[in-house]
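Data block below; observations after.
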Protein chains: 2
Amino acid sequence: MKPQLAKGVRDVSPEDKILKNQVISTLQEVFELYGFPPFETPLLERWETLTAKGGAGQDSDVFKEIFRLTDQGKRKLGLRFDLTVPLARYVALNPSIKLPFKRYEVGRVFRDGPIKLGRYREFWQCDADTIGTKSMLADAEALAVVETSFKKLGLKTFIKVNNRKILNGILNQAGIKDKESAITSIDKLTKIGVEGVSKELIDGGYNKKQIDCIFSLISSKTTLAQLKKLISDEEGKEGLAELQELLLYGRKLGLKTLKFDVSLARGLAYYTGTVFEAFLKKGKIMSSLAGGGRYDNLIGLLGGRDIPAVGFAFGLEPIMDTLRIEGTKTIKTKSQVYIIPLGTVDESLNVASGLRESGISTDFSMGKKGVSKNLQYANSLGIPYTIIIGENELKKKKVLLRDMETGTETLLSVNDVVKKLKK
Amino acid sequence: MKPQLAKGVRDVSPEDKILKNQVISTLQEVFELYGFPPFETPLLERWETLTAKGGAGQDSDVFKEIFRLTDQGKRKLGLRFDLTVPLARYVALNPSIKLPFKRYEVGRVFRDGPIKLGRYREFWQCDADTIGTKSMLADAEALAVVETSFKKLGLKTFIKVNNRKILNGILNQAGIKDKESAITSIDKLTKIGVEGVSKELIDGGYNKKQIDCIFSLISSKTTLAQLKKLISDEEGKEGLAELQELLLYGRKLGLKTLKFDVSLARGLAYYTGTVFEAFLKKGKIMSSLAGGGRYDNLIGLLGGRDIPAVGFAFGLEPIMDTLRIEGTKTIKTKSQVYIIPLGTVDESLNVASGLRESGISTDFSMGKKGVSKNLQYANSLGIPYTIIIGENELKKKKVLLRDMETGTETLLSVNDVVKKLKK
């Protein structure tokens, strides 16, 4: 057999997995700081659940990307393609859960789509949602989690914030009927520019006057004060009020990176109010690192009660890529020291135990002969220190600690090794 | 739509997920203490990989339990059924990795089998393996990880240890040809007793004399000293020597819960040397909580170089069940405090920020009216403290901290709240 990976999936090497675990544990820490508990749903869901209205119905882009399978009982199943549909299914299945229901989930999702750079068929999502309240406090908390997380990750980001109702109001004023497809066009503004979006709208049957009306209001430079004067539509006004309340709460929570941007649309059809997206500051590529918004109709569509909700997701892969580009120092191993016994296996095992009991991550030479082969091995793993224990060291009740970066060797007692490595 | 779970899978509630995360993070901590780095393989593997010789070939029990799927390109895929096959595939695919290669992986696996109590179609495994050394030091390290993990989890366990070569030696002496099927029978000893195993062996065509020979040597009471006198077969002697070396290393590592048991067989065909299994001490049900052994041929079979290996797995679900039975205190939430603003949302948000900056997990009332409804909600989530902030408290620059268990309310400054909750 010539072994091969399945198409569109990856192995995660120890070095990458250490970084991934660090990112995940930072996000978990912040989620829990804000009162979101961990939660888990299965990867296997019934086909009917995944393709229900609100999920990936036949007319959705995701529908054809669902991995299908059947179980022994010929039941039709699929692999989940996001974490929102399983959450909605859970809420529908458990009508007695207390609302608001907050939770986060970090896990894999699957899409059998075309493969591009940075796009895989099996990838991770980190979601947090608050189900069961219309309060803008929930939206503000979402923004706070995002800002705090990037701060803790050491990434300088800012968050574009908008409200779908404002966009709807503007489209109402411009006399646009199919707002959903217009929003899909506007969503491409940063990619294809005003010209490109205009062309799409003209192709959609709208006239120059309507398009001028839209772009007189929608630009990343439009201020909230301008819009308050110019928007007369009721839904638009409601959106402005919600946004102002949200920004006020944001200030009270001490948030410093929120930036109103009326051109932010976010593609997904299901958003109903607040939308937001976090980007790297001064990044060469404006890659989106997190995003979310309010979706007050989705949970109801998926079979539960009619329940408002706000949620957001971090892009784990883009965050890891950004950390690497920004030069975040990664480590190849968690091991702090590698023990090389020279004819002293029994005593060296004892030393290893002592170090581990003191909380020092300790690796131990196995079946490698000679000091230099062992040093090469420790070096290839990136372990920062080695300990050599020969008869001479034993006699002195010491060990030889070698700093693998500098090559410096010091004769120390085990206690002193612990003190040095604990720092 | 009437929402339903797929058959044989589960949602994990916040309370259960908190416990699960605690167990996983304890295991991760110990793995890393012993020099095993984290690692990740995909859930999707090529059908040829999963069903290769050494994996789940057509004649294996697992073969018919693999979930099958195809991707857009009509490639045959399957969901992994364990973490060993993907590891072997990784090693085969990356011939330049440095040996010994140590790694742990915690993740989901899938088996489309019959569903019983505690048996699911989607479940978690926690594996650690050392690939590329025959040294008994690796086997001893495996035992140390298991013993240390259970100690940190607060579970009183012991580890039965044996060596397949000893069993093979005994079977050789009894003139048993099909050792694999005999070992499968012996594996059932604790379940069906000597009588049951004897019957299976007689049905297999062996005579009373052979069976007597086996049971004169195989019993959980047989000592190592007895076997050293009675085993003459070369493979058996090799097994005894390996086991003695392993137990010596175990002593040097300070291990205290190892128990030689020549009747321990472990069902899987691929073990070649050391086998071990950890059980709860004095448990009503002798449920296995972890197990593993040496499998020196498997990696080679799966397409890589011929590479010796030793590995083991923790049973995450049995460990969680045992912790619950043993009365381990679980928590329903990570939130330490729930803030109830009474007409003071803006100022209360500020308090929330301050608490979170001090590392206190803080939840915040959203859209719930009145103190009593809020207290009920906080109580249902299991949050230990609430903070009530009304105009009176604001004037005094204090907040009202309520201990939800005792009902005691204290007027404190935010600083004093931090001091109290940090304890």
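Numbering starts fresh at 1 for the residues of each chain in the structure tokens, the chains themselves are lettered A, B, ... in the order given, and ligands are numbered from 1 as they appear.
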
What are the residues of chain B lining chain A at 6 Å or less? Count only C-alpha atoms, and put the answer as a PDB file with N, CA and C atoms, in the first residue's frame.
```
ATOM      1  N   MET B   1     -40.344  20.188  11.090  1.00  0.00           N
ATOM      2  CA  MET B   1     -39.329  19.164  11.366  1.00  0.00           C
ATOM      3  C   MET B   1     -39.343  18.803  12.846  1.00  0.00           C
ATOM      4  N   PRO B   3     -36.968  17.533  15.369  1.00  0.00           N
ATOM      5  CA  PRO B   3     -35.512  17.308  15.382  1.00  0.00           C
ATOM      6  C   PRO B   3     -35.150  16.052  16.163  1.00  0.00           C
ATOM      7  N   ALA B   6     -28.885  11.751  15.536  1.00  0.00           N
ATOM      8  CA  ALA B   6     -28.562  10.518  14.822  1.00  0.00           C
ATOM      9  C   ALA B   6     -28.434   9.403  15.861  1.00  0.00           C
ATOM     10  N   ASP B  11     -25.279  14.579  22.534  1.00  0.00           N
ATOM     11  CA  ASP B  11     -24.835  15.923  22.854  1.00  0.00           C
ATOM     12  C   ASP B  11     -24.155  15.859  24.220  1.00  0.00           C
ATOM     13  N   VAL B  12     -23.196  16.736  24.440  1.00  0.00           N
ATOM     14  CA  VAL B  12     -22.534  16.802  25.739  1.00  0.00           C
ATOM     15  C   VAL B  12     -22.900  18.151  26.366  1.00  0.00           C
ATOM     16  N   SER B  13     -23.693  18.102  27.427  1.00  0.00           N
ATOM     17  CA  SER B  13     -24.170  19.318  28.079  1.00  0.00           C
ATOM     18  C   SER B  13     -23.002  20.090  28.674  1.00  0.00           C
ATOM     19  N   PRO B  14     -23.185  21.382  28.943  1.00  0.00           N
ATOM     20  CA  PRO B  14     -22.091  22.146  29.557  1.00  0.00           C
ATOM     21  C   PRO B  14     -21.510  21.463  30.799  1.00  0.00           C
ATOM     22  N   LYS B  17     -19.461  18.571  29.717  1.00  0.00           N
ATOM     23  CA  LYS B  17     -18.308  19.007  28.923  1.00  0.00           C
ATOM     24  C   LYS B  17     -17.235  19.624  29.826  1.00  0.00           C
ATOM     25  N   LEU B  33       4.195  16.010  30.333  1.00  0.00           N
ATOM     26  CA  LEU B  33       5.198  15.838  31.377  1.00  0.00           C
ATOM     27  C   LEU B  33       6.168  14.710  31.017  1.00  0.00           C
ATOM     28  N   TYR B  34       5.674  13.726  30.277  1.00  0.00           N
ATOM     29  CA  TYR B  34       6.491  12.576  29.892  1.00  0.00           C
ATOM     30  C   TYR B  34       7.037  12.685  28.463  1.00  0.00           C
ATOM     31  N   GLY B  35       6.980  13.897  27.924  1.00  0.00           N
ATOM     32  CA  GLY B  35       7.617  14.109  26.627  1.00  0.00           C
ATOM     33  C   GLY B  35       6.806  13.688  25.414  1.00  0.00           C
ATOM     34  N   PRO B  37       4.297  14.948  22.711  1.00  0.00           N
ATOM     35  CA  PRO B  37       3.684  16.183  22.225  1.00  0.00           C
ATOM     36  C   PRO B  37       2.296  15.901  21.638  1.00  0.00           C
ATOM     37  N   PRO B  38       1.459  16.931  21.562  1.00  0.00           N
ATOM     38  CA  PRO B  38       0.144  16.749  20.946  1.00  0.00           C
ATOM     39  C   PRO B  38       0.265  16.574  19.445  1.00  0.00           C
ATOM     40  N   PHE B  39      -0.747  16.035  18.835  1.00  0.00           N
ATOM     41  CA  PHE B  39      -0.693  15.666  17.424  1.00  0.00           C
ATOM     42  C   PHE B  39      -2.127  15.481  16.958  1.00  0.00           C
ATOM     43  N   GLU B  40      -2.340  15.647  15.667  1.00  0.00           N
ATOM     44  CA  GLU B  40      -3.716  15.520  15.175  1.00  0.00           C
ATOM     45  C   GLU B  40      -3.742  14.914  13.781  1.00  0.00           C
ATOM     46  N   THR B  41      -4.633  13.968  13.594  1.00  0.00           N
ATOM     47  CA  THR B  41      -4.855  13.409  12.263  1.00  0.00           C
ATOM     48  C   THR B  41      -6.314  13.654  11.886  1.00  0.00           C
ATOM     49  N   GLU B  45     -10.325   9.402   6.259  1.00  0.00           N
ATOM     50  CA  GLU B  45      -9.175   8.703   5.695  1.00  0.00           C
ATOM     51  C   GLU B  45      -9.632   7.980   4.423  1.00  0.00           C
ATOM     52  N   ARG B  46      -8.680   7.708   3.547  1.00  0.00           N
ATOM     53  CA  ARG B  46      -9.009   6.908   2.369  1.00  0.00           C
ATOM     54  C   ARG B  46      -9.435   5.509   2.784  1.00  0.00           C
ATOM     55  N   LEU B  69     -17.977   6.757   3.018  1.00  0.00           N
ATOM     56  CA  LEU B  69     -18.507   7.854   2.222  1.00  0.00           C
ATOM     57  C   LEU B  69     -17.657   8.041   0.977  1.00  0.00           C
ATOM     58  N   ARG B  89      -0.357   5.451   9.208  1.00  0.00           N
ATOM     59  CA  ARG B  89      -0.375   6.083   7.882  1.00  0.00           C
ATOM     60  C   ARG B  89       0.537   7.311   7.876  1.00  0.00           C
ATOM     61  N   SER B 135      13.037  -0.688  23.130  1.00  0.00           N
ATOM     62  CA  SER B 135      13.446  -0.590  24.528  1.00  0.00           C
ATOM     63  C   SER B 135      12.258  -0.682  25.479  1.00  0.00           C
ATOM     64  N   LYS B 252      12.158   1.741  39.446  1.00  0.00           N
ATOM     65  CA  LYS B 252      13.049   2.905  39.423  1.00  0.00           C
ATOM     66  C   LYS B 252      12.267   4.192  39.175  1.00  0.00           C
ATOM     67  N   LEU B 253      11.173   4.069  38.426  1.00  0.00           N
ATOM     68  CA  LEU B 253      10.331   5.243  38.167  1.00  0.00           C
ATOM     69  C   LEU B 253       9.379   5.511  39.332  1.00  0.00           C
ATOM     70  N   GLY B 303       2.259  -0.243   5.825  1.00  0.00           N
ATOM     71  CA  GLY B 303       2.883   0.375   4.670  1.00  0.00           C
ATOM     72  C   GLY B 303       4.143   1.156   4.962  1.00  0.00           C
ATOM     73  N   SER B 335     -18.715  29.952  35.459  1.00  0.00           N
ATOM     74  CA  SER B 335     -18.993  31.325  35.898  1.00  0.00           C
ATOM     75  C   SER B 335     -18.973  31.393  37.421  1.00  0.00           C
ATOM     76  N   ASP B 346     -25.306  50.613  32.677  1.00  0.00           N
ATOM     77  CA  ASP B 346     -24.025  51.191  32.268  1.00  0.00           C
ATOM     78  C   ASP B 346     -22.938  50.975  33.315  1.00  0.00           C
ATOM     79  N   LEU B 349     -21.981  47.262  33.735  1.00  0.00           N
ATOM     80  CA  LEU B 349     -21.084  46.764  32.681  1.00  0.00           C
ATOM     81  C   LEU B 349     -19.637  47.058  33.050  1.00  0.00           C
ATOM     82  N   ASN B 350     -19.465  48.226  33.632  1.00  0.00           N
ATOM     83  CA  ASN B 350     -18.147  48.622  34.085  1.00  0.00           C
ATOM     84  C   ASN B 350     -17.615  47.681  35.169  1.00  0.00           C
ATOM     85  N   SER B 353     -16.583  44.424  33.571  1.00  0.00           N
ATOM     86  CA  SER B 353     -15.262  44.521  32.940  1.00  0.00           C
ATOM     87  C   SER B 353     -14.145  44.399  33.961  1.00  0.00           C
ATOM     88  N   SER B 361     -14.565  34.888  36.246  1.00  0.00           N
ATOM     89  CA  SER B 361     -15.546  34.570  35.210  1.00  0.00           C
ATOM     90  C   SER B 361     -16.896  35.158  35.590  1.00  0.00           C
ATOM     91  N   THR B 362     -17.401  36.035  34.737  1.00  0.00           N
ATOM     92  CA  THR B 362     -18.557  36.849  35.092  1.00  0.00           C
ATOM     93  C   THR B 362     -19.648  36.752  34.041  1.00  0.00           C
ATOM     94  N   ASP B 363     -20.847  36.393  34.483  1.00  0.00           N
ATOM     95  CA  ASP B 363     -21.996  36.392  33.593  1.00  0.00           C
ATOM     96  C   ASP B 363     -22.849  37.617  33.932  1.00  0.00           C
ATOM     97  N   GLY B 367     -31.976  40.924  29.706  1.00  0.00           N
ATOM     98  CA  GLY B 367     -33.393  40.843  29.373  1.00  0.00           C
ATOM     99  C   GLY B 367     -34.257  40.147  30.412  1.00  0.00           C
TER     100      GLY B 367
END
```

- Message: Need the shell around Leu171 in chain A: protein/DNA/RNA residues with any atom at most 12 Å away, counting only C-alpha atoms. Skip same-chain ones fewer than 4 positions apart. Format as a ChimeraX atom specification?
- Response: /A:164-167,175-183,186,201,206,210-218,231-236

- Atomic distance CA of Gln125 in chain B - CA of Asp82 in chain B, expressed in Å with one decimal: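 The value is 7.5 Å.
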
- Message: Just want the 12 Å neighbourhood of Gly291 in chain A, counted on only C-alpha atoms, with same-chain residues fewer than 2 positions away dropped. Output as number ranges by chain.
- Response: A: 125-129, 139, 142-143, 145-147, 158-162, 264-268, 271, 274-279, 287-289, 293-294, 310-316

- Query: Which residues in range 200-374 of chain B does DSSP call alpha helix (DSSP H)? List them as a ChimeraX atom specification.
  - Reply: /B:200-203,208-217,224-230,234-252,298-301,316-325,345-357,371-374

- Query: Could you pull out all residues of range 305-338 of chain A with a DSSP call of strand (DSSP E or B) and give them as a list of chain:residue names?
  - Reply: A:Ala309, A:Val310, A:Gly311, A:Phe312, A:Ala313, A:Phe314, A:Gly315, A:Val337, A:Tyr338

Give me a file of those residues, with C-alpha atoms, as a PDB file, in the first residue's frame.
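Saved result, result.pdb, follows:
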```pdb
ATOM      1  CA  ALA A 309     -29.899  34.667  18.949  1.00  0.00           C
ATOM      2  CA  VAL A 310     -26.524  36.271  18.442  1.00  0.00           C
ATOM      3  CA  GLY A 311     -23.354  34.360  17.699  1.00  0.00           C
ATOM      4  CA  PHE A 312     -19.882  34.552  16.269  1.00  0.00           C
ATOM      5  CA  ALA A 313     -17.010  32.374  15.166  1.00  0.00           C
ATOM      6  CA  PHE A 314     -13.243  32.599  15.196  1.00  0.00           C
ATOM      7  CA  GLY A 315     -11.371  31.333  12.190  1.00  0.00           C
ATOM      8  CA  VAL A 337      14.734  18.525  29.132  1.00  0.00           C
ATOM      9  CA  TYR A 338      15.994  15.270  27.608  1.00  0.00           C
TER      10      TYR A 338
END
```

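Between Val106 in chain A and the residues A:Gly204, A:Phe150, A:Leu375, A:Val23, the shortest atom-to-atom distance, using only C-alpha atoms, involves A:Val23.
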